[in-house]
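These notes concern the structure reproduced below.
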Amino acid sequence: MAVYRFAPSPTGFLHLGNARTLLLNALMARKQAARFVLRLDDTDRARVSEEYVDGIRQDLAWLGLTPDAEVRQSDRDDAYAAAFDRLVAEGRVYPAYESEPELELARKLARASGRPPVYDRAALRLTAERRAALEAEGRRPHWRFRLSGGRVEWPDGVRGAQGFDLSSLSDPVVRRDDGSFLYVFTSVVDDAGIGVTAVVRGEDHVTNTAAQIDMFAALGAPPPAFAHHNLLTSADGAGLSKREGSLSLRTLREQGIEPLAVAAYAVLIGSAEAVRPVSSLDELAGLVELSRLSRAPARVDMEELAALSAKTLHALPHDAVADRLGALGVEGGPAFWEAVRGNLATLGEAADWWRIATRPLKPEAARPAPEDARLVAEALALLPTEPWDETTWKAWTSAVSAATGAKGRALFAPLRIALTGEPHGPELAKLLPFIGRARALERLSR
Ligand SMILES: Nc1ncnc2c1ncn2[C@@H]1O[C@H](COP(=O)(O)OP(=O)(O)OP(=O)(O)O)[C@@H](O)[C@H]1O
């Protein structure tokens, strides 16, 4: 069975760029009835926190995504140690003793003499005596994976045929001198162990992929199908960083941006598909086509996202928002939702309209201008008896128009202000039944 995964490090709150990776994997899995695994890359103990682990789970739930399984790298040390021991025994992983300043110096010298700054494998040429001497000095080795050399090729799901000359890469460090394993290695052990068949990730990982395909071969496991998508940048073109909290999903949630709009935006910008509202993740899954993602980075435009969020909201049926409206104390059912949804920028504004319709107006709410006093008095006198429905507004305002000669804006604007204390808002034909006769009487007499 096909298996996709999303593998964030819980070192910050997920941002919109991470959401692109998350959604591309989750939606490709949905489209292909494949499994979708959340893998928490939590081996960097100094930077990982449980708050961020919970944050990632909450963000997935908010977006409406439920992984089929959750794996934590911190639980899998035994698997890494076993794979490591095997590669050491086979001579594919070797100890190296250079300190970071020594490596930096070597890179500088290489650049200065026009050579690529690739690790020169000096550690492979150490004699047993020299190694013993280094250990006696108290140096502890880090460990490198010996790349096989030659060319690695893969058909990339986004970028098409990719080729990489392994001799242009340094042998990647797979284990630090403190014994901890590095991502480039643990990720391969996990993908092989879990049976991941497809990896969609940002193009910041392309070089890793070349080395990792070589590691899959060394471990005798078939590599997954790789696809590297373009990255999202902030409006000024800067990269996004989980650590810096840029464009975090949590902040977007707090700003009232709809989760379905975040999902659509994260997937559709920087692709051949137009950014547009969708009514479900299933619909969005139908629009995902990896080969239609563009190659250039895509800039996030918050205004575009906010507009998409409003449009998404306007099209949502009452069923889709009933629970959230309930939590906001909005009780008007489908009819109230119908009345207000087209005017909302965020769902929270439905609660404002519910308050305006059903609670006393605030003392500072706008009142009709003095020159409209006669019109308002006439309207008060002509207020129909209940029951009220959506036809009441038309019948009432026609009567007021006949009595006063007022038409159009001159007729409607003062009544809107008198009834709601606001110059703009939802269609009054739909809102009026929620205001009801008693409140309307009181408001018209203000
Ligand atoms: N700006 C971005 N646009 C699109 N995808 C991104 C972006 N930044 C990261 N990703 C993808 O998100 C996935 C999770 O990556 P990771 O947890 O390392 O996040 P990160 O934002 O790069 O983290 P950090 O800021 O902590 O280095 C990776 O597949 C990565 O390619």
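Residue numbers start at 1 in each chain; chains themselves are named A, B, ... in the order of the structure tokens; ligands are numbered from 1 in the order shown.
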Problem - Near-ligand residues for ligand 1, threshold 6 Å, only C-alpha atoms and all ligand atoms, as a PyMOL selection string - result: chain A and resi 7-9+11+17-18+20-21+201-202+204+231-233+239-243
Problem - Within 10 Å of A:Pro423 using only C-alpha atoms, minus same-chain residues under 3 positions, as number ranges by chain - result: A: 366-368, 413-418, 420
Let me see the file: selected residues, N, CA and C atoms, as a CSV table (one decimal), in the first residue's frame.
chain,number,residue,atom,x,y,z
A,366,ALA,N,-24.6,54.1,16.0
A,366,ALA,CA,-25.0,55.2,15.1
A,366,ALA,C,-26.6,55.3,15.1
A,367,ARG,N,-27.0,56.6,15.0
A,367,ARG,CA,-28.5,56.9,14.9
A,367,ARG,C,-28.7,57.6,13.6
A,368,PRO,N,-30.0,57.6,13.1
A,368,PRO,CA,-30.3,58.3,11.9
A,368,PRO,C,-30.1,59.8,12.1
A,413,ALA,N,-31.2,53.6,3.9
A,413,ALA,CA,-30.1,53.8,4.7
A,413,ALA,C,-30.5,54.3,6.1
A,414,PRO,N,-31.5,55.2,6.3
A,414,PRO,CA,-31.8,55.6,7.6
A,414,PRO,C,-32.5,54.5,8.4
A,415,LEU,N,-33.2,53.6,7.7
A,415,LEU,CA,-33.9,52.5,8.4
A,415,LEU,C,-32.8,51.5,8.9
A,416,ARG,N,-31.8,51.3,8.1
A,416,ARG,CA,-30.7,50.4,8.4
A,416,ARG,C,-30.0,50.9,9.7
A,417,ILE,N,-29.7,52.2,9.7
A,417,ILE,CA,-29.0,52.8,10.8
A,417,ILE,C,-29.8,52.7,12.1
A,418,ALA,N,-31.1,53.0,11.9
A,418,ALA,CA,-32.0,53.0,13.0
A,418,ALA,C,-32.1,51.6,13.6
A,420,THR,N,-30.0,48.8,13.1
A,420,THR,CA,-28.8,48.1,13.5
A,420,THR,C,-27.7,48.9,14.1
Exercise for the section: Could you tell me, as a PyMOL selection string, which residues of stretch 24-114 of chain A DSSP assigns to alpha helix (DSSP H) when given the backbone? Expected result: chain A and resi 24-31+50-63+77-89+100-112
So that I have them on file, write out the residues from the current selection with N, CA and C atoms, as a short mmCIF file (atom, residue, chain, number, x, y, z; two decimals), in the first residue's frame.
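File written: out-v4.cif
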data_model
loop_
_atom_site.label_atom_id
_atom_site.label_comp_id
_atom_site.auth_asym_id
_atom_site.auth_seq_id
_atom_site.Cartn_x
_atom_site.Cartn_y
_atom_site.Cartn_z
N LEU A 24 0.18 18.70 0.70
CA LEU A 24 0.47 17.96 -0.53
C LEU A 24 0.56 16.46 -0.22
N ASN A 25 1.20 16.13 0.91
CA ASN A 25 1.31 14.71 1.28
C ASN A 25 -0.06 14.13 1.68
N ALA A 26 -0.74 14.86 2.55
CA ALA A 26 -2.02 14.34 3.05
C ALA A 26 -3.04 14.21 1.92
N LEU A 27 -3.04 15.17 0.99
CA LEU A 27 -4.04 15.14 -0.08
C LEU A 27 -3.68 14.13 -1.17
N MET A 28 -2.39 13.98 -1.43
CA MET A 28 -1.99 12.93 -2.38
C MET A 28 -2.40 11.57 -1.79
N ALA A 29 -2.20 11.39 -0.48
CA ALA A 29 -2.59 10.13 0.16
C ALA A 29 -4.10 9.94 0.03
N ARG A 30 -4.87 11.02 0.25
CA ARG A 30 -6.33 10.94 0.16
C ARG A 30 -6.76 10.55 -1.26
N LYS A 31 -6.11 11.17 -2.22
CA LYS A 31 -6.45 10.93 -3.62
C LYS A 31 -6.19 9.47 -4.01
N GLU A 50 7.54 19.93 23.92
CA GLU A 50 6.22 19.26 23.86
C GLU A 50 5.14 20.25 23.44
N GLU A 51 5.37 21.52 23.76
CA GLU A 51 4.41 22.55 23.34
C GLU A 51 4.28 22.54 21.81
N TYR A 52 5.41 22.39 21.13
CA TYR A 52 5.38 22.40 19.67
C TYR A 52 4.80 21.09 19.12
N VAL A 53 5.05 19.98 19.83
CA VAL A 53 4.45 18.70 19.42
C VAL A 53 2.92 18.85 19.46
N ASP A 54 2.41 19.38 20.58
CA ASP A 54 0.95 19.59 20.69
C ASP A 54 0.47 20.58 19.64
N GLY A 55 1.29 21.62 19.40
CA GLY A 55 0.93 22.62 18.41
C GLY A 55 0.74 22.00 17.03
N ILE A 56 1.64 21.08 16.66
CA ILE A 56 1.55 20.42 15.35
C ILE A 56 0.27 19.58 15.28
N ARG A 57 0.00 18.84 16.36
CA ARG A 57 -1.23 18.02 16.37
C ARG A 57 -2.47 18.90 16.25
N GLN A 58 -2.46 20.03 16.97
CA GLN A 58 -3.62 20.94 16.91
C GLN A 58 -3.78 21.52 15.50
N ASP A 59 -2.66 21.87 14.88
CA ASP A 59 -2.74 22.45 13.53
C ASP A 59 -3.32 21.44 12.54
N LEU A 60 -2.90 20.18 12.65
CA LEU A 60 -3.45 19.15 11.75
C LEU A 60 -4.96 19.03 11.98
N ALA A 61 -5.35 18.97 13.26
CA ALA A 61 -6.78 18.81 13.57
C ALA A 61 -7.56 20.02 13.05
N TRP A 62 -6.99 21.21 13.23
CA TRP A 62 -7.67 22.43 12.76
C TRP A 62 -7.89 22.38 11.24
N LEU A 63 -6.89 21.86 10.53
CA LEU A 63 -7.01 21.76 9.07
C LEU A 63 -7.92 20.61 8.65
N ASP A 77 15.47 5.03 18.57
CA ASP A 77 16.92 5.00 18.66
C ASP A 77 17.49 3.61 18.36
N ASP A 78 16.77 2.56 18.79
CA ASP A 78 17.28 1.20 18.56
C ASP A 78 17.39 0.91 17.06
N ALA A 79 16.37 1.35 16.31
CA ALA A 79 16.40 1.11 14.86
C ALA A 79 17.57 1.84 14.22
N TYR A 80 17.85 3.07 14.69
CA TYR A 80 18.96 3.83 14.11
C TYR A 80 20.29 3.16 14.45
N ALA A 81 20.41 2.71 15.71
CA ALA A 81 21.66 2.07 16.14
C ALA A 81 21.91 0.80 15.33
N ALA A 82 20.85 0.02 15.09
CA ALA A 82 21.01 -1.24 14.35
C ALA A 82 21.48 -0.95 12.91
N ALA A 83 20.83 0.03 12.27
CA ALA A 83 21.22 0.36 10.88
C ALA A 83 22.63 0.92 10.85
N PHE A 84 22.94 1.73 11.85
CA PHE A 84 24.28 2.33 11.94
C PHE A 84 25.34 1.22 12.08
N ASP A 85 25.12 0.30 13.02
CA ASP A 85 26.09 -0.77 13.24
C ASP A 85 26.32 -1.57 11.96
N ARG A 86 25.22 -1.81 11.25
CA ARG A 86 25.33 -2.58 10.02
C ARG A 86 26.20 -1.83 8.99
N LEU A 87 25.97 -0.54 8.85
CA LEU A 87 26.73 0.22 7.85
C LEU A 87 28.20 0.38 8.27
N VAL A 88 28.44 0.45 9.59
CA VAL A 88 29.83 0.51 10.06
C VAL A 88 30.52 -0.82 9.72
N ALA A 89 29.83 -1.92 10.02
CA ALA A 89 30.40 -3.25 9.76
C ALA A 89 30.72 -3.42 8.27
N GLU A 100 35.08 21.17 14.04
CA GLU A 100 34.38 22.10 13.13
C GLU A 100 35.34 23.18 12.62
N PRO A 101 36.17 23.81 13.47
CA PRO A 101 37.12 24.82 12.93
C PRO A 101 38.08 24.23 11.90
N GLU A 102 38.52 23.00 12.12
CA GLU A 102 39.42 22.36 11.13
C GLU A 102 38.70 22.16 9.80
N LEU A 103 37.42 21.73 9.88
CA LEU A 103 36.65 21.51 8.65
C LEU A 103 36.41 22.82 7.93
N GLU A 104 36.13 23.85 8.71
CA GLU A 104 35.87 25.16 8.13
C GLU A 104 37.11 25.66 7.38
N LEU A 105 38.26 25.47 8.01
CA LEU A 105 39.52 25.89 7.39
C LEU A 105 39.76 25.14 6.08
N ALA A 106 39.49 23.83 6.12
CA ALA A 106 39.68 23.02 4.91
C ALA A 106 38.77 23.51 3.79
N ARG A 107 37.53 23.87 4.15
CA ARG A 107 36.59 24.36 3.13
C ARG A 107 37.08 25.67 2.53
N LYS A 108 37.61 26.54 3.41
CA LYS A 108 38.12 27.83 2.94
C LYS A 108 39.29 27.63 1.98
N LEU A 109 40.21 26.75 2.36
CA LEU A 109 41.38 26.49 1.51
C LEU A 109 40.95 25.95 0.15
N ALA A 110 39.96 25.02 0.19
CA ALA A 110 39.49 24.44 -1.07
C ALA A 110 38.94 25.54 -1.97
N ARG A 111 38.10 26.41 -1.37
CA ARG A 111 37.50 27.48 -2.18
C ARG A 111 38.58 28.41 -2.74
N ALA A 112 39.56 28.70 -1.89
CA ALA A 112 40.62 29.63 -2.32
C ALA A 112 41.40 29.05 -3.49
#
Find the spatial neighbours of stretch 315-319 of chain A, counting only C-alpha atoms, within a cut-off of 7 Å - ignore same-chain residues fewer than 3 positions away - and output them as a PDB file with N, CA and C atoms, in the first residue's frame.
ATOM      1  N   SER A 279     -14.854  23.761  -1.231  1.00  0.00           N
ATOM      2  CA  SER A 279     -15.842  23.487  -0.190  1.00  0.00           C
ATOM      3  C   SER A 279     -15.445  22.304   0.681  1.00  0.00           C
ATOM      4  N   LYS A 311     -14.271  34.489   1.024  1.00  0.00           N
ATOM      5  CA  LYS A 311     -15.044  33.801  -0.037  1.00  0.00           C
ATOM      6  C   LYS A 311     -15.369  32.369   0.367  1.00  0.00           C
ATOM      7  N   THR A 312     -14.407  31.730   1.018  1.00  0.00           N
ATOM      8  CA  THR A 312     -14.619  30.353   1.470  1.00  0.00           C
ATOM      9  C   THR A 312     -15.786  30.314   2.451  1.00  0.00           C
ATOM     10  N   ALA A 322     -21.927  24.900  12.066  1.00  0.00           N
ATOM     11  CA  ALA A 322     -22.892  24.893  13.178  1.00  0.00           C
ATOM     12  C   ALA A 322     -22.187  24.794  14.548  1.00  0.00           C
ATOM     13  N   PRO A 334     -29.831  27.761  10.564  1.00  0.00           N
ATOM     14  CA  PRO A 334     -29.500  27.984   9.145  1.00  0.00           C
ATOM     15  C   PRO A 334     -30.007  29.326   8.621  1.00  0.00           C
ATOM     16  N   TRP A 337     -27.603  32.055   9.559  1.00  0.00           N
ATOM     17  CA  TRP A 337     -26.365  31.875   8.781  1.00  0.00           C
ATOM     18  C   TRP A 337     -26.563  32.380   7.348  1.00  0.00           C
TER      19      TRP A 337
END
Exercise for the section: With a distance cut-off of 9 Å and only C-alpha atoms, select the neighbouring residues of stretch 150-166 of chain A, excluding the residue or stretch itself and same-chain residues fewer than 2 positions from it, and output the selection as a PyMOL selection string. Expected result: chain A and resi 147-148+168-171+200+207+210-211+213-214+225-230+289-295
Restrict the selected residues to N, CA and C atoms and save them as a compact mmCIF listing (two decimals), in the first residue's frame.
# COMPACT_ATOMS: atom_id res chain seq x y z
N LEU A 147 29.71 7.99 0.57
CA LEU A 147 28.90 7.97 -0.65
C LEU A 147 29.57 7.07 -1.69
N SER A 148 28.74 6.43 -2.52
CA SER A 148 29.31 5.45 -3.44
C SER A 148 30.01 6.10 -4.64
N SER A 168 30.31 15.33 -6.06
CA SER A 168 30.26 16.77 -5.75
C SER A 168 29.75 17.01 -4.34
N LEU A 169 29.42 15.94 -3.61
CA LEU A 169 28.90 16.10 -2.24
C LEU A 169 29.90 15.58 -1.22
N SER A 170 29.90 16.20 -0.04
CA SER A 170 30.68 15.65 1.07
C SER A 170 29.96 14.42 1.61
N ASP A 171 30.74 13.46 2.10
CA ASP A 171 30.10 12.33 2.79
C ASP A 171 29.30 12.89 3.96
N VAL A 200 6.90 13.84 -0.46
CA VAL A 200 6.78 15.17 -1.06
C VAL A 200 7.35 16.14 -0.02
N THR A 207 19.34 18.25 -2.28
CA THR A 207 20.68 17.68 -2.10
C THR A 207 20.65 16.50 -1.13
N ALA A 210 19.69 13.27 -2.92
CA ALA A 210 20.74 12.56 -3.66
C ALA A 210 21.51 11.63 -2.72
N ALA A 211 21.93 12.17 -1.57
CA ALA A 211 22.69 11.36 -0.62
C ALA A 211 21.81 10.25 -0.03
N ILE A 213 19.24 8.69 -1.38
CA ILE A 213 18.99 7.57 -2.32
C ILE A 213 20.16 6.59 -2.25
N ASP A 214 21.36 7.13 -2.08
CA ASP A 214 22.55 6.28 -1.93
C ASP A 214 22.47 5.48 -0.61
N ALA A 225 9.35 7.31 -3.95
CA ALA A 225 9.28 8.26 -5.07
C ALA A 225 9.38 9.66 -4.47
N PHE A 226 10.33 10.46 -4.94
CA PHE A 226 10.52 11.80 -4.37
C PHE A 226 9.89 12.87 -5.25
N ALA A 227 9.37 13.90 -4.59
CA ALA A 227 8.88 15.09 -5.30
C ALA A 227 9.25 16.30 -4.44
N HIS A 228 9.89 17.30 -5.05
CA HIS A 228 10.32 18.48 -4.30
C HIS A 228 9.58 19.71 -4.80
N HIS A 229 8.76 20.26 -3.91
CA HIS A 229 7.94 21.40 -4.33
C HIS A 229 8.66 22.72 -4.08
N ASN A 230 8.21 23.74 -4.80
CA ASN A 230 8.76 25.09 -4.60
C ASN A 230 8.42 25.60 -3.20
N GLU A 289 -2.02 18.35 -8.28
CA GLU A 289 -1.30 17.65 -9.35
C GLU A 289 0.15 18.10 -9.20
N LEU A 290 1.02 17.22 -8.70
CA LEU A 290 2.39 17.64 -8.39
C LEU A 290 3.09 18.25 -9.60
N SER A 291 2.84 17.67 -10.77
CA SER A 291 3.55 18.14 -11.96
C SER A 291 3.09 19.54 -12.38
N ARG A 292 1.98 20.03 -11.78
CA ARG A 292 1.51 21.38 -12.12
C ARG A 292 1.98 22.44 -11.13
N LEU A 293 2.85 22.06 -10.19
CA LEU A 293 3.42 23.06 -9.29
C LEU A 293 4.51 23.80 -10.06
N SER A 294 4.65 25.10 -9.80
CA SER A 294 5.67 25.82 -10.56
C SER A 294 7.03 25.65 -9.88
N ARG A 295 8.06 26.04 -10.59
CA ARG A 295 9.42 25.85 -10.07
C ARG A 295 9.88 27.04 -9.24
Handout entry: Spatial neighbours of A:Thr391, max dist 12 Å, only C-alpha atoms, sep filter under 5 positions, as a PyMOL selection string
Key = chain A and resi 384+386+396-398+428-433
Problem - A:Arg359 environment, 10 Å, only C-alpha atoms, sequence neighbours closer than 6 positions dropped, as a ChimeraX atom specification - result: /A:353,435,439
Exercise for the section: Could you find all residues in stretch 168-343 of chain A that DSSP calls strand (DSSP E) from the backbone, and write them as a list in words? Expected result: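 Matching residues for strand (DSSP E) in stretch 168-343 of chain A are Val173, Val174, Arg175, Ala198, Val199, Val200, Arg201, Gly202, Ala225, Phe226, Ala227, His228, His229, Leu232, Thr233, Ala298 and Arg299 of chain A.
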Keeping only C-alpha atoms, write the selected residues to a file as a PDB file, in the first residue's frame.
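Contents of out.pdb, freshly written:
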ATOM      1  CA  VAL A 173      27.669  13.126   8.816  1.00  0.00           C
ATOM      2  CA  VAL A 174      25.156  10.608  10.166  1.00  0.00           C
ATOM      3  CA  ARG A 175      26.126  10.575  13.849  1.00  0.00           C
ATOM      4  CA  ALA A 198       6.307   8.583  -1.577  1.00  0.00           C
ATOM      5  CA  VAL A 199       7.945  11.690  -0.138  1.00  0.00           C
ATOM      6  CA  VAL A 200       6.784  15.172  -1.060  1.00  0.00           C
ATOM      7  CA  ARG A 201       8.926  17.882   0.525  1.00  0.00           C
ATOM      8  CA  GLY A 202      10.373  21.296  -0.099  1.00  0.00           C
ATOM      9  CA  ALA A 225       9.284   8.258  -5.066  1.00  0.00           C
ATOM     10  CA  PHE A 226      10.522  11.802  -4.374  1.00  0.00           C
ATOM     11  CA  ALA A 227       8.885  15.095  -5.299  1.00  0.00           C
ATOM     12  CA  HIS A 228      10.321  18.484  -4.300  1.00  0.00           C
ATOM     13  CA  HIS A 229       7.935  21.404  -4.325  1.00  0.00           C
ATOM     14  CA  LEU A 232       6.761  29.815  -0.114  1.00  0.00           C
ATOM     15  CA  THR A 233       8.232  33.151   0.883  1.00  0.00           C
ATOM     16  CA  ALA A 298       5.721  31.672  -4.449  1.00  0.00           C
ATOM     17  CA  ARG A 299       5.095  34.833  -2.423  1.00  0.00           C
TER      18      ARG A 299
END
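When atom CA of A:Leu247 is paired with atom CA of A:Ala350, their separation reads 25.0 Å.
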Handout entry: Top pick for closest residue to A:Gly245, considering A:Arg355, A:Arg276, A:His15, A:Arg45 and counting only C-alpha atoms
Key =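 Comparing A:Arg355, A:Arg276, A:His15, A:Arg45 against A:Gly245, the winner is A:His15.
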Practice task
Could you tell me which of A:Ser49, A:Asn208, A:Ser180, A:Ser309 comes closest to A:Val278 if we count only C-alpha atoms?
Solution key: A:Ser309
